[in-house]
Every structure is written in C-alpha cells, then in structure tokens.
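So this one's upload.pdb, PDB, C-alpha atoms, pLDDT in the B column:
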ATOM      1  CA  MET X  14     102.454 116.851  76.221  1.00 49.00           C
ATOM      2  CA  GLU X  15     102.779 119.415  78.994  1.00 60.00           C
ATOM      3  CA  ALA X  16     100.144 119.587  81.720  1.00 71.00           C
ATOM      4  CA  GLU X  17      97.900 122.638  81.613  1.00 87.00           C
ATOM      5  CA  THR X  18      98.778 125.305  84.190  1.00 92.00           C
ATOM      6  CA  LYS X  19      96.093 125.536  86.866  1.00 94.00           C
ATOM      7  CA  SER X  20      94.777 128.906  88.011  1.00 94.00           C
ATOM      8  CA  PHE X  21      94.786 130.167  91.584  1.00 93.00           C
ATOM      9  CA  GLU X  22      91.036 129.493  91.824  1.00 93.00           C
ATOM     10  CA  GLU X  23      91.651 125.843  90.962  1.00 91.00           C
ATOM     11  CA  LEU X  24      94.447 125.523  93.527  1.00 94.00           C
ATOM     12  CA  TYR X  25      92.877 127.372  96.457  1.00 90.00           C
ATOM     13  CA  CYS X  26      90.761 125.207  98.771  1.00 86.00           C
ATOM     14  CA  GLU X  27      89.327 127.371 101.547  1.00 79.00           C
ATOM     15  CA  LYS X  28      87.682 124.603 103.574  1.00 85.00           C
ATOM     16  CA  ASP X  29      90.357 121.941 103.262  1.00 89.00           C
ATOM     17  CA  SER X  30      93.548 123.956 103.731  1.00 93.00           C
ATOM     18  CA  ALA X  31      96.357 122.120 105.515  1.00 96.00           C
ATOM     19  CA  ILE X  32      97.081 125.313 107.485  1.00 96.00           C
ATOM     20  CA  GLU X  33      94.720 124.151 110.250  1.00 96.00           C
ATOM     21  CA  GLU X  34      96.818 121.051 110.832  1.00 97.00           C
ATOM     22  CA  ILE X  35      99.977 123.161 110.809  1.00 98.00           C
ATOM     23  CA  LYS X  36      98.481 125.439 113.471  1.00 97.00           C
ATOM     24  CA  LYS X  37      97.736 122.365 115.596  1.00 98.00           C
ATOM     25  CA  TRP X  38     101.392 121.385 115.383  1.00 98.00           C
ATOM     26  CA  GLN X  39     102.344 124.892 116.424  1.00 97.00           C
ATOM     27  CA  SER X  40     100.060 124.721 119.475  1.00 97.00           C
ATOM     28  CA  ALA X  41     101.374 121.290 120.462  1.00 95.00           C
ATOM     29  CA  SER X  42     105.025 122.314 120.189  1.00 96.00           C
ATOM     30  CA  ASP X  43     107.183 123.246 123.171  1.00 94.00           C
ATOM     31  CA  ARG X  44     109.429 125.449 121.045  1.00 94.00           C
ATOM     32  CA  LYS X  45     108.953 128.984 119.788  1.00 96.00           C
ATOM     33  CA  ILE X  46     107.323 128.956 116.359  1.00 98.00           C
ATOM     34  CA  THR X  47     106.238 132.020 114.397  1.00 98.00           C
ATOM     35  CA  LEU X  48     103.906 131.734 111.406  1.00 98.00           C
ATOM     36  CA  LEU X  49     104.673 134.910 109.500  1.00 98.00           C
ATOM     37  CA  PRO X  50     101.608 136.515 107.876  1.00 97.00           C
ATOM     38  CA  SER X  51     101.335 136.441 104.103  1.00 97.00           C
ATOM     39  CA  GLU X  52     100.142 138.937 101.543  1.00 96.00           C
ATOM     40  CA  GLN X  53      97.320 137.715  99.298  1.00 95.00           C
ATOM     41  CA  GLU X  54      99.016 138.591  96.016  1.00 96.00           C
ATOM     42  CA  LYS X  55     102.336 137.016  96.989  1.00 97.00           C
ATOM     43  CA  GLY X  56     100.619 133.875  98.246  1.00 96.00           C
ATOM     44  CA  GLU X  57      98.615 133.500  95.055  1.00 96.00           C
ATOM     45  CA  LYS X  58     101.778 133.778  92.976  1.00 96.00           C
ATOM     46  CA  GLN X  59     103.462 131.021  94.986  1.00 96.00           C
ATOM     47  CA  LEU X  60     100.554 128.626  94.467  1.00 96.00           C
ATOM     48  CA  VAL X  61     100.428 129.230  90.730  1.00 96.00           C
ATOM     49  CA  ASP X  62     104.206 129.026  90.345  1.00 95.00           C
ATOM     50  CA  LEU X  63     104.427 125.807  92.383  1.00 96.00           C
ATOM     51  CA  GLN X  64     101.186 124.311  90.993  1.00 95.00           C
ATOM     52  CA  VAL X  65     100.169 122.831  94.339  1.00 96.00           C
ATOM     53  CA  THR X  66      96.880 123.195  96.201  1.00 96.00           C
ATOM     54  CA  THR X  67      96.340 124.498  99.715  1.00 96.00           C
ATOM     55  CA  ARG X  68      95.202 120.975 100.641  1.00 96.00           C
ATOM     56  CA  SER X  69      98.893 120.079 100.570  1.00 97.00           C
ATOM     57  CA  THR X  70     101.192 121.124 103.377  1.00 98.00           C
ATOM     58  CA  LEU X  71     103.559 122.805 100.920  1.00 98.00           C
ATOM     59  CA  GLY X  72     100.699 124.726  99.322  1.00 97.00           C
ATOM     60  CA  ALA X  73      99.349 125.852 102.685  1.00 97.00           C
ATOM     61  CA  VAL X  74     102.746 127.144 103.773  1.00 98.00           C
ATOM     62  CA  ALA X  75     103.304 128.860 100.420  1.00 98.00           C
ATOM     63  CA  PHE X  76      99.921 130.614 100.381  1.00 97.00           C
ATOM     64  CA  GLU X  77      98.952 131.056 104.026  1.00 97.00           C
ATOM     65  CA  THR X  78     102.311 132.121 105.457  1.00 98.00           C
ATOM     66  CA  GLY X  79     105.170 134.451 104.652  1.00 98.00           C
ATOM     67  CA  GLY X  80     107.326 131.669 106.055  1.00 98.00           C
ATOM     68  CA  ILE X  81     107.749 129.910 109.396  1.00 98.00           C
ATOM     69  CA  LEU X  82     110.453 130.629 111.962  1.00 98.00           C
ATOM     70  CA  ILE X  83     111.160 127.692 114.272  1.00 98.00           C
ATOM     71  CA  HIS X  84     113.201 127.523 117.472  1.00 96.00           C
ATOM     72  CA  GLN X  85     113.863 131.268 117.714  1.00 93.00           C
ATOM     73  CA  GLY X  86     114.540 131.258 113.980  1.00 97.00           C
ATOM     74  CA  TRP X  87     117.187 128.512 113.945  1.00 98.00           C
ATOM     75  CA  LEU X  88     115.097 126.812 111.250  1.00 98.00           C
ATOM     76  CA  ARG X  89     113.448 128.860 108.500  1.00 98.00           C
ATOM     77  CA  ILE X  90     110.641 127.312 106.426  1.00 98.00           C
ATOM     78  CA  LEU X  91     110.166 129.303 103.225  1.00 98.00           C
ATOM     79  CA  GLY X  92     106.718 130.626 102.283  1.00 98.00           C
ATOM     80  CA  SER X  93     105.570 133.593 100.211  1.00 98.00           C
ATOM     81  CA  GLY X  94     108.055 136.012 101.793  1.00 98.00           C
ATOM     82  CA  HIS X  95     107.895 138.482 104.675  1.00 98.00           C
ATOM     83  CA  PRO X  96     110.161 141.299 105.937  1.00 97.00           C
ATOM     84  CA  ASN X  97     111.456 138.892 108.590  1.00 97.00           C
ATOM     85  CA  LEU X  98     112.065 136.201 105.955  1.00 98.00           C
ATOM     86  CA  PRO X  99     112.354 138.010 102.599  1.00 96.00           C
ATOM     87  CA  ARG X 100     113.056 134.922 100.519  1.00 96.00           C
ATOM     88  CA  SER X 101     109.993 133.256  98.999  1.00 97.00           C
ATOM     89  CA  ILE X 102     110.148 129.660  97.796  1.00 97.00           C
ATOM     90  CA  THR X 103     110.192 130.560  94.123  1.00 96.00           C
ATOM     91  CA  SER X 104     112.419 133.646  94.352  1.00 96.00           C
ATOM     92  CA  TRP X 105     115.029 131.745  96.356  1.00 97.00           C
ATOM     93  CA  ASN X 106     115.056 128.807  93.952  1.00 96.00           C
ATOM     94  CA  GLN X 107     115.373 131.141  90.985  1.00 95.00           C
ATOM     95  CA  GLN X 108     118.323 132.862  92.647  1.00 94.00           C
ATOM     96  CA  CYS X 109     120.036 129.591  93.497  1.00 93.00           C
ATOM     97  CA  ALA X 110     119.283 128.149  90.035  1.00 86.00           C
ATOM     98  CA  MET X 111     118.648 124.655  91.334  1.00 81.00           C
ATOM     99  CA  ASN X 112     117.812 121.918  88.844  1.00 84.00           C
ATOM    100  CA  GLN X 113     115.525 119.064  89.881  1.00 92.00           C
ATOM    101  CA  MET X 114     115.562 120.189  93.534  1.00 95.00           C
ATOM    102  CA  LEU X 115     113.180 122.616  95.251  1.00 97.00           C
ATOM    103  CA  LEU X 116     114.738 124.434  98.211  1.00 98.00           C
ATOM    104  CA  VAL X 117     112.077 124.767 100.911  1.00 98.00           C
ATOM    105  CA  ALA X 118     113.893 125.488 104.177  1.00 98.00           C
ATOM    106  CA  ASP X 119     117.282 126.154 105.746  1.00 98.00           C
ATOM    107  CA  ASP X 120     119.006 126.725 109.054  1.00 98.00           C
ATOM    108  CA  VAL X 121     121.314 129.385 110.447  1.00 98.00           C
ATOM    109  CA  ILE X 122     124.482 127.270 110.147  1.00 97.00           C
ATOM    110  CA  GLY X 123     124.299 126.864 106.369  1.00 96.00           C
ATOM    111  CA  GLY X 124     122.221 123.722 105.985  1.00 97.00           C
ATOM    112  CA  PHE X 125     119.599 123.552 103.202  1.00 98.00           C
ATOM    113  CA  PHE X 126     116.483 121.373 102.913  1.00 98.00           C
ATOM    114  CA  ALA X 127     115.065 120.570  99.489  1.00 98.00           C
ATOM    115  CA  ILE X 128     112.449 118.393  97.826  1.00 98.00           C
ATOM    116  CA  ASN X 129     114.125 115.997  95.427  1.00 97.00           C
ATOM    117  CA  GLY X 130     112.605 116.601  92.009  1.00 94.00           C
ATOM    118  CA  GLY X 131     114.792 114.075  90.235  1.00 93.00           C
ATOM    119  CA  MET X 132     118.396 115.048  90.962  1.00 93.00           C
ATOM    120  CA  PHE X 133     118.722 111.781  92.827  1.00 93.00           C
ATOM    121  CA  PRO X 134     116.940 108.737  91.360  1.00 92.00           C
ATOM    122  CA  ASP X 135     116.111 107.442  94.826  1.00 84.00           C
ATOM    123  CA  SER X 136     113.472 109.094  97.005  1.00 91.00           C
ATOM    124  CA  VAL X 137     112.018 111.431  94.386  1.00 95.00           C
ATOM    125  CA  GLY X 138     109.624 113.744  96.214  1.00 96.00           C
ATOM    126  CA  GLY X 139     111.447 113.247  99.491  1.00 97.00           C
ATOM    127  CA  ILE X 140     113.340 115.780 101.589  1.00 98.00           C
ATOM    128  CA  TRP X 141     117.118 115.925 101.286  1.00 97.00           C
ATOM    129  CA  TYR X 142     119.478 117.957 103.473  1.00 98.00           C
ATOM    130  CA  PHE X 143     122.623 119.699 102.261  1.00 96.00           C
ATOM    131  CA  ALA X 144     124.811 119.310 105.337  1.00 96.00           C
ATOM    132  CA  PRO X 145     127.324 122.104 106.038  1.00 94.00           C
ATOM    133  CA  ASP X 146     129.731 119.722 107.781  1.00 92.00           C
ATOM    134  CA  SER X 147     130.003 117.333 104.816  1.00 93.00           C
ATOM    135  CA  LEU X 148     128.922 119.492 101.844  1.00 94.00           C
ATOM    136  CA  ALA X 149     126.838 116.528 100.682  1.00 95.00           C
ATOM    137  CA  TRP X 150     123.130 115.964 100.107  1.00 95.00           C
ATOM    138  CA  GLU X 151     121.664 113.487 102.589  1.00 96.00           C
ATOM    139  CA  ASP X 152     118.369 111.645 102.138  1.00 97.00           C
ATOM    140  CA  LEU X 153     116.203 112.246 105.233  1.00 97.00           C
ATOM    141  CA  GLU X 154     113.785 109.556 104.010  1.00 96.00           C
ATOM    142  CA  ILE X 155     110.682 111.641 104.748  1.00 97.00           C
ATOM    143  CA  GLY X 156     108.329 113.784 102.680  1.00 98.00           C
ATOM    144  CA  TYR X 157     107.590 117.484 103.107  1.00 98.00           C
ATOM    145  CA  THR X 158     104.660 117.028 105.498  1.00 98.00           C
ATOM    146  CA  ASP X 159     106.617 114.748 107.833  1.00 98.00           C
ATOM    147  CA  PHE X 160     109.597 117.087 107.604  1.00 98.00           C
ATOM    148  CA  LEU X 161     107.531 120.095 108.679  1.00 98.00           C
ATOM    149  CA  HIS X 162     105.932 118.112 111.505  1.00 98.00           C
ATOM    150  CA  TRP X 163     109.403 117.037 112.675  1.00 98.00           C
ATOM    151  CA  ALA X 164     110.752 120.588 112.452  1.00 98.00           C
ATOM    152  CA  MET X 165     107.873 121.910 114.540  1.00 98.00           C
ATOM    153  CA  THR X 166     107.434 119.118 117.089  1.00 97.00           C
ATOM    154  CA  GLY X 167     110.183 116.515 116.615  1.00 96.00           C
ATOM    155  CA  ASP X 168     113.628 115.946 118.074  1.00 95.00           C
ATOM    156  CA  ILE X 169     115.674 118.581 116.299  1.00 96.00           C
ATOM    157  CA  HIS X 170     118.035 118.720 119.282  1.00 94.00           C
ATOM    158  CA  THR X 171     119.505 115.329 118.404  1.00 95.00           C
ATOM    159  CA  PHE X 172     119.804 116.328 114.734  1.00 96.00           C
ATOM    160  CA  TYR X 173     121.719 119.495 115.678  1.00 96.00           C
ATOM    161  CA  ALA X 174     123.340 118.130 118.853  1.00 91.00           C
ATOM    162  CA  THR X 175     126.894 119.144 117.951  1.00 91.00           C
ATOM    163  CA  PHE X 176     125.944 122.525 116.472  1.00 94.00           C
ATOM    164  CA  PHE X 177     124.245 124.464 119.265  1.00 94.00           C
ATOM    165  CA  TRP X 178     126.513 126.738 121.274  1.00 93.00           C
ATOM    166  CA  LYS X 179     126.115 128.456 124.637  1.00 92.00           C
ATOM    167  CA  ASP X 180     124.670 131.781 123.451  1.00 92.00           C
ATOM    168  CA  TRP X 181     123.047 130.591 120.231  1.00 95.00           C
ATOM    169  CA  GLU X 182     119.588 131.941 121.127  1.00 95.00           C
ATOM    170  CA  MET X 183     120.889 135.461 121.620  1.00 95.00           C
ATOM    171  CA  ASP X 184     123.021 135.297 118.460  1.00 96.00           C
ATOM    172  CA  VAL X 185     120.193 133.887 116.323  1.00 96.00           C
ATOM    173  CA  SER X 186     117.756 136.541 117.570  1.00 94.00           C
ATOM    174  CA  LYS X 187     119.962 139.187 115.938  1.00 95.00           C
ATOM    175  CA  LEU X 188     120.143 137.361 112.610  1.00 96.00           C
ATOM    176  CA  LYS X 189     117.982 138.455 109.666  1.00 96.00           C
ATOM    177  CA  GLY X 190     115.892 135.938 107.724  1.00 96.00           C
ATOM    178  CA  ASP X 191     118.083 136.366 104.648  1.00 96.00           C
ATOM    179  CA  GLU X 192     121.287 135.830 106.624  1.00 98.00           C
ATOM    180  CA  MET X 193     123.232 132.838 107.924  1.00 98.00           C
ATOM    181  CA  PHE X 194     126.350 132.459 110.002  1.00 97.00           C
ATOM    182  CA  ALA X 195     129.641 132.173 108.171  1.00 96.00           C
ATOM    183  CA  ILE X 196     131.414 129.781 110.537  1.00 94.00           C
ATOM    184  CA  TYR X 197     135.175 129.529 110.669  1.00 94.00           C
ATOM    185  CA  PRO X 198     136.948 127.165 110.625  1.00 93.00           C
ATOM    186  CA  PHE X 199     134.522 125.818 108.021  1.00 90.00           C
ATOM    187  CA  LEU X 200     132.320 123.092 109.488  1.00 92.00           C
ATOM    188  CA  TRP X 201     133.538 120.596 106.898  1.00 90.00           C
ATOM    189  CA  SER X 202     137.207 121.147 107.764  1.00 89.00           C
ATOM    190  CA  LYS X 203     139.415 119.016 109.977  1.00 86.00           C
ATOM    191  CA  GLU X 204     140.084 122.064 112.159  1.00 88.00           C
ATOM    192  CA  ALA X 205     136.370 122.524 112.916  1.00 84.00           C
ATOM    193  CA  ARG X 206     135.982 118.874 113.875  1.00 78.00           C
ATOM    194  CA  GLU X 207     138.750 119.324 116.416  1.00 78.00           C
ATOM    195  CA  LEU X 208     136.973 122.330 117.941  1.00 78.00           C
ATOM    196  CA  THR X 209     133.558 122.772 119.506  1.00 82.00           C
ATOM    197  CA  MET X 210     131.120 125.356 118.166  1.00 87.00           C
ATOM    198  CA  GLU X 211     132.220 127.561 121.048  1.00 86.00           C
ATOM    199  CA  GLY X 212     135.672 127.767 119.493  1.00 87.00           C
ATOM    200  CA  CYS X 213     134.458 128.708 116.009  1.00 89.00           C
ATOM    201  CA  SER X 214     133.840 132.295 114.893  1.00 93.00           C
ATOM    202  CA  LYS X 215     130.351 133.102 113.614  1.00 95.00           C
ATOM    203  CA  LYS X 216     129.732 136.090 111.354  1.00 96.00           C
ATOM    204  CA  PRO X 217     126.331 137.058 109.895  1.00 97.00           C
ATOM    205  CA  VAL X 218     126.446 137.137 106.088  1.00 97.00           C
ATOM    206  CA  PRO X 219     123.794 136.977 103.334  1.00 98.00           C
ATOM    207  CA  ALA X 220     122.381 133.460 102.922  1.00 97.00           C
ATOM    208  CA  TRP X 221     123.176 133.669  99.218  1.00 96.00           C
ATOM    209  CA  GLU X 222     126.898 133.969  99.992  1.00 96.00           C
ATOM    210  CA  ILE X 223     126.817 130.766 102.044  1.00 96.00           C
ATOM    211  CA  TRP X 224     124.957 128.902  99.303  1.00 96.00           C
ATOM    212  CA  GLU X 225     127.270 130.155  96.556  1.00 95.00           C
ATOM    213  CA  MET X 226     130.435 129.465  98.538  1.00 92.00           C
ATOM    214  CA  ASN X 227     129.436 125.896  99.419  1.00 88.00           C
ATOM    215  CA  GLN X 228     128.424 125.068  95.859  1.00 85.00           C
ATOM    216  CA  LYS X 229     131.792 126.285  94.601  1.00 81.00           C
ATOM    217  CA  VAL X 230     133.610 124.098  97.102  1.00 75.00           C
ATOM    218  CA  VAL X 231     131.556 121.097  96.041  1.00 67.00           C
TER
END

Serialized structure, structure tokens:
Amino acid sequence: MEAETKSFEELYCEKDSAIEEIKKWQSASDRKITLLPSEQEKGEKQLVDLQVTTRSTLGAVAFETGGILIHQGWLRILGSGHPNLPRSITSWNQQCAMNQMLLVADDVIGGFFAINGGMFPDSVGGIWYFAPDSLAWEDLEIGYTDFLHWAMTGDIHTFYATFFWKDWEMDVSKLKGDEMFAIYPFLWSKEARELTMEGCSKKPVPAWEIWEMNQKVV
C-alpha cells in the first residue's frame, strides 16, 4: 500500500526549519557561501515532490533556498532553482533519469553527489559521490546533513587536493550554475594522471553534457 502524499501545509514547519542551523554553518565558515533566494511556489513544489519537511536539512534547502553556492561556486548544492543555479533538485533528477539515487549536489569538475535510494544495498540514505577521475560511485559514509555541514565548513581542500589549479577561482567565477568544465585529457584517463590540472584544458559546457557523456562511458 502506497503512503499518502502529504500536502505542503503538512511538510512546512515555520518554527523548526533547519535553515537556521544552515545559516549558522554559513556564518562559521571561512569560505564564500551564497544561499540563493527561493521563490515560494518553486519551494513548495520541491517539498511536495520530495515529501520531506523543512525540519530536515534537505527540506530546508529545497524550500528555503534556490540552491547554495560554496567556495566561489566550486560546489553547487541544489535547491528549488535560481537564475544563478537553474537546476532544481527534482528537475535535474528528472532530466538525468536516475533510478534509486537522488542527485543533490555537484562540482565544477564533473563530480556528482547523490542520496542512495537503493541502487547500492549498503548505506541506503547515505551520500555517494560519482568521481570524475574513476567514473565510479563512492560511498562517503555520511548522510545529507553531515555532507552539507562538511561542504560548508569541512576540509574540502583535502578532498579536492589534486583538482584545484592556479587560476581556478577566476575560471569558476565565469561559469554558469548549469555548466561544468569539460576537462581534457579526461580525468579518468592515463594521460590526465600523468599531467597536473594546469596541463589540462578546461572548457565550459552544459552540466547535462558532462553527465550524459560520463554515463555513456560507464
């Protein structure tokens, strides 16, 4: 028997929204973080589509923000959509046609973060990362709340240690929220491993093209 779909009024919790905790993380962070404003109608649709409450971190991001740009936009946390990050959680997942995974964030080099909805029997509900240098899903062994806290305040420099390049801040600042860098040689290739990021070409392309290309290779 299928669970009854909850209405927006049942999912919206004005006094207990997790957005206040998220704002505390933003204030405590030493990196540039932008909480993009949301539109009421778009936010309501995300909550109803996702069937989560604003008490949850995912629900707060989906309803209260158009998305979150972290570290000059290197990391993009999907929300209800905004001109600077046009992809909402549900629209992006519908476009990518993912089964048993919910894409919730990505980075400019073609990495994708998703909540495991059953694709992998282990760590259901946990965050997995589709790594552009291996084209494999990796279990990060954390949930969405811990992932967002890490993205906003944690050591992302170690995670991306081999991927930053000299002028990355300037290059990323010119990138649109629905774009990623097509990096050549491909990060998963032997040639790329023999080069540094400085030696690879980086061309802005639609994020969808990166997703589609990597899935075809896999």

Name all residues at most 6 Å from Phe126 of chain X (count all atoms listed in the file; drop same-chain ones fewer than 5 positions away) and give them as a ChimeraX atom specification. /X:116-119,141-142

At most 12 Å is the cut-off: for each residue in segment 108-137 of chain X with any atom that close to an atom of segment 178-196 of chain X, write down the nearest atom pair and the distance in Å rounded to one decimal, counting all atoms listed in the file, chain first then increasing number, as CSV.
residue,atom,partner,partner_atom,distance
X:Ala118,CA,X:Gly190,CA,11.2
X:Asp119,CA,X:Met193,CA,9.2
X:Asp120,CA,X:Met193,CA,7.5
X:Val121,CA,X:Met193,CA,4.7
X:Ile122,CA,X:Phe194,CA,5.5
X:Gly123,CA,X:Met193,CA,6.3
X:Gly124,CA,X:Met193,CA,9.4
X:Phe125,CA,X:Met193,CA,11.0

Same residues, C-alpha atoms, saved as a PDB file, in the coordinates of the input:
ATOM      1  CA  ALA X 118     113.893 125.488 104.177  1.00 98.00           C
ATOM      2  CA  ASP X 119     117.282 126.154 105.746  1.00 98.00           C
ATOM      3  CA  ASP X 120     119.006 126.725 109.054  1.00 98.00           C
ATOM      4  CA  VAL X 121     121.314 129.385 110.447  1.00 98.00           C
ATOM      5  CA  ILE X 122     124.482 127.270 110.147  1.00 97.00           C
ATOM      6  CA  GLY X 123     124.299 126.864 106.369  1.00 96.00           C
ATOM      7  CA  GLY X 124     122.221 123.722 105.985  1.00 97.00           C
ATOM      8  CA  PHE X 125     119.599 123.552 103.202  1.00 98.00           C
TER       9      PHE X 125
END

Using all atoms listed in the file: which of X:Asn129, X:Ser202, X:Ser40, X:Thr209 has the shortest distance to Gly156 of chain X: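 Comparing X:Asn129, X:Ser202, X:Ser40, X:Thr209 against Gly156 of chain X, the winner is X:Asn129.
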
Residues of segment 77-194 of chain X within 6 Å of segment 45-54 of chain X: nearest atom pair and distance (Å, one decimal) for each, counting all atoms listed in the file, sorted by chain and number, as JSON lines?
{"residue": "X:Glu77", "atom": "CA", "partner": "X:Ser51", "partner_atom": "CA", "distance": 5.9}
{"residue": "X:Thr78", "atom": "CA", "partner": "X:Ser51", "partner_atom": "CA", "distance": 4.6}
{"residue": "X:Gly79", "atom": "CA", "partner": "X:Ser51", "partner_atom": "CA", "distance": 4.4}
{"residue": "X:Gly80", "atom": "CA", "partner": "X:Leu49", "partner_atom": "CA", "distance": 5.4}
{"residue": "X:Ile81", "atom": "CA", "partner": "X:Leu48", "partner_atom": "CA", "distance": 4.7}
{"residue": "X:Leu82", "atom": "CA", "partner": "X:Thr47", "partner_atom": "CA", "distance": 5.1}
{"residue": "X:Ile83", "atom": "CA", "partner": "X:Ile46", "partner_atom": "CA", "distance": 4.5}
{"residue": "X:His84", "atom": "CA", "partner": "X:Lys45", "partner_atom": "CA", "distance": 5.1}
{"residue": "X:Gln85", "atom": "CA", "partner": "X:Lys45", "partner_atom": "CA", "distance": 5.8}

Shortest contact to Leu88 of chain X, candidates X:Lys37, X:Asp159, X:Tyr173, X:Trp105, atoms counted only C-alpha atoms, goes to X:Tyr173

Please give the centre and size of the box around segment 79-82 of chain X (axis-aligned, containing every atom listed in the file, 5 Å added per side), with values in Å to one decimal and written as JSON.
{"center_x": 107.8, "center_y": 132.2, "center_z": 108.3, "size_x": 15.3, "size_y": 14.5, "size_z": 17.3}

Taking the file as shown, find all residues satisfying the PyMOL selection byres ((chain X and resi 163) around 12) and write them as a list in words. Ile35, Trp38, Gln39, Ala41, Ser42, Arg44, Ile83, Leu88, Ile140, Leu153, Ile155, Gly156, Tyr157, Thr158, Asp159, Phe160, Leu161, His162, Ala164, Met165, Thr166, Gly167, Asp168, Ile169, His170, Thr171 and Phe172 of chain X

I'd like the contact shell of segment 23-30 of chain X - 10 Å cut-off, all atoms listed in the file, skipping same-chain residues fewer than 3 positions apart - returned as a list in words.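 Here the answer would be Thr18, Lys19, Ser20, Glu33, Glu34, Ile35, Glu57, Leu60, Val61, Gln64, Val65, Thr66, Thr67, Arg68, Ser69, Thr70, Gly72, Ala73, Val74, Phe76 and Glu77 of chain X.
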
For the selection just defined, write its residues with C-alpha atoms to a file, as a PDB file, in the coordinates of the input.
ATOM      1  CA  THR X  18      98.778 125.305  84.190  1.00 92.00           C
ATOM      2  CA  LYS X  19      96.093 125.536  86.866  1.00 94.00           C
ATOM      3  CA  SER X  20      94.777 128.906  88.011  1.00 94.00           C
ATOM      4  CA  GLU X  33      94.720 124.151 110.250  1.00 96.00           C
ATOM      5  CA  GLU X  34      96.818 121.051 110.832  1.00 97.00           C
ATOM      6  CA  ILE X  35      99.977 123.161 110.809  1.00 98.00           C
ATOM      7  CA  GLU X  57      98.615 133.500  95.055  1.00 96.00           C
ATOM      8  CA  LEU X  60     100.554 128.626  94.467  1.00 96.00           C
ATOM      9  CA  VAL X  61     100.428 129.230  90.730  1.00 96.00           C
ATOM     10  CA  GLN X  64     101.186 124.311  90.993  1.00 95.00           C
ATOM     11  CA  VAL X  65     100.169 122.831  94.339  1.00 96.00           C
ATOM     12  CA  THR X  66      96.880 123.195  96.201  1.00 96.00           C
ATOM     13  CA  THR X  67      96.340 124.498  99.715  1.00 96.00           C
ATOM     14  CA  ARG X  68      95.202 120.975 100.641  1.00 96.00           C
ATOM     15  CA  SER X  69      98.893 120.079 100.570  1.00 97.00           C
ATOM     16  CA  THR X  70     101.192 121.124 103.377  1.00 98.00           C
ATOM     17  CA  GLY X  72     100.699 124.726  99.322  1.00 97.00           C
ATOM     18  CA  ALA X  73      99.349 125.852 102.685  1.00 97.00           C
ATOM     19  CA  VAL X  74     102.746 127.144 103.773  1.00 98.00           C
ATOM     20  CA  PHE X  76      99.921 130.614 100.381  1.00 97.00           C
ATOM     21  CA  GLU X  77      98.952 131.056 104.026  1.00 97.00           C
TER      22      GLU X  77
END

Take atom CA of Gly94 of chain X and atom CA of Glu17 of chain X and report the distance between them in Å, one decimal.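 Pair atom CA of Gly94 of chain X / atom CA of Glu17 of chain X returns 26.3 Å.
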
Interatomic distance (Å, one decimal) between atom CA of Ala174 of chain X and atom CA of Asp43 of chain X: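 Computing the Euclidean distance for atom CA of Ala174 of chain X and atom CA of Asp43 of chain X yields 17.5 Å.
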
Quick one: distance from atom CA of Asp146 of chain X to atom CA of Phe199 of chain X in Å, one decimal?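 If I compute the distance from atom CA of Asp146 of chain X to atom CA of Phe199 of chain X, I get 7.8 Å.
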
To verify the selection step, state as an mmCIF file with C-alpha atoms, in the coordinates of the input which residues the PyMOL selection byres ((chain X and resi 212) around 12) yields on this input.
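File written: selection-v8.cif
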data_model
loop_
_atom_site.group_PDB
_atom_site.id
_atom_site.type_symbol
_atom_site.label_atom_id
_atom_site.label_comp_id
_atom_site.auth_asym_id
_atom_site.auth_seq_id
_atom_site.Cartn_x
_atom_site.Cartn_y
_atom_site.Cartn_z
ATOM 1 C CA PHE X 176 125.944 122.525 116.472
ATOM 2 C CA PHE X 177 124.245 124.464 119.265
ATOM 3 C CA TRP X 178 126.513 126.738 121.274
ATOM 4 C CA LYS X 179 126.115 128.456 124.637
ATOM 5 C CA ILE X 196 131.414 129.781 110.537
ATOM 6 C CA TYR X 197 135.175 129.529 110.669
ATOM 7 C CA PRO X 198 136.948 127.165 110.625
ATOM 8 C CA PHE X 199 134.522 125.818 108.021
ATOM 9 C CA LEU X 200 132.320 123.092 109.488
ATOM 10 C CA GLU X 204 140.084 122.064 112.159
ATOM 11 C CA ALA X 205 136.370 122.524 112.916
ATOM 12 C CA ARG X 206 135.982 118.874 113.875
ATOM 13 C CA GLU X 207 138.750 119.324 116.416
ATOM 14 C CA LEU X 208 136.973 122.330 117.941
ATOM 15 C CA THR X 209 133.558 122.772 119.506
ATOM 16 C CA MET X 210 131.120 125.356 118.166
ATOM 17 C CA GLU X 211 132.220 127.561 121.048
ATOM 18 C CA CYS X 213 134.458 128.708 116.009
ATOM 19 C CA SER X 214 133.840 132.295 114.893
ATOM 20 C CA LYS X 215 130.351 133.102 113.614
#

Considering only C-alpha atoms, return as a compact mmCIF listing (two decimals) with C-alpha atoms, keeping the file's coordinate frame whatever protein or nucleic-acid residues lie within 12 Å of Ser104 of chain X, sequence-local ones (same chain, fewer than 2 positions apart) excluded.
# COMPACT_ATOMS: atom_id res chain seq x y z
CA LYS X 55 102.34 137.02 96.99
CA LYS X 58 101.78 133.78 92.98
CA GLN X 59 103.46 131.02 94.99
CA ASP X 62 104.21 129.03 90.34
CA LEU X 63 104.43 125.81 92.38
CA ALA X 75 103.30 128.86 100.42
CA LEU X 91 110.17 129.30 103.22
CA GLY X 92 106.72 130.63 102.28
CA SER X 93 105.57 133.59 100.21
CA GLY X 94 108.06 136.01 101.79
CA LEU X 98 112.06 136.20 105.96
CA PRO X 99 112.35 138.01 102.60
CA ARG X 100 113.06 134.92 100.52
CA SER X 101 109.99 133.26 99.00
CA ILE X 102 110.15 129.66 97.80
CA ASN X 106 115.06 128.81 93.95
CA GLN X 107 115.37 131.14 90.98
CA GLN X 108 118.32 132.86 92.65
CA CYS X 109 120.04 129.59 93.50
CA ALA X 110 119.28 128.15 90.04
CA MET X 111 118.65 124.66 91.33
CA LEU X 115 113.18 122.62 95.25
CA LEU X 116 114.74 124.43 98.21
CA VAL X 117 112.08 124.77 100.91
CA TRP X 221 123.18 133.67 99.22

Using the incomplete input, complete segment 182-187 of chain X to the level of N, CA and C atoms; output as a PDB file, keeping the file's coordinate frame.
ATOM      1  N   GLU X 182     120.894 131.281 121.183  1.00 95.00           N
ATOM      2  CA  GLU X 182     119.588 131.941 121.127  1.00 95.00           C
ATOM      3  C   GLU X 182     119.740 133.458 120.967  1.00 95.00           C
ATOM      4  N   MET X 183     120.658 134.025 121.710  1.00 95.00           N
ATOM      5  CA  MET X 183     120.889 135.461 121.620  1.00 95.00           C
ATOM      6  C   MET X 183     121.463 135.826 120.249  1.00 95.00           C
ATOM      7  N   ASP X 184     122.401 135.020 119.761  1.00 96.00           N
ATOM      8  CA  ASP X 184     123.021 135.297 118.460  1.00 96.00           C
ATOM      9  C   ASP X 184     122.009 135.162 117.318  1.00 96.00           C
ATOM     10  N   VAL X 185     121.181 134.119 117.378  1.00 96.00           N
ATOM     11  CA  VAL X 185     120.193 133.887 116.323  1.00 96.00           C
ATOM     12  C   VAL X 185     119.132 134.975 116.312  1.00 96.00           C
ATOM     13  N   SER X 186     118.785 135.497 117.482  1.00 94.00           N
ATOM     14  CA  SER X 186     117.756 136.541 117.570  1.00 94.00           C
ATOM     15  C   SER X 186     118.171 137.811 116.833  1.00 94.00           C
ATOM     16  N   LYS X 187     119.460 138.006 116.634  1.00 95.00           N
ATOM     17  CA  LYS X 187     119.962 139.187 115.938  1.00 95.00           C
ATOM     18  C   LYS X 187     120.120 138.962 114.432  1.00 95.00           C
TER      19      LYS X 187
END
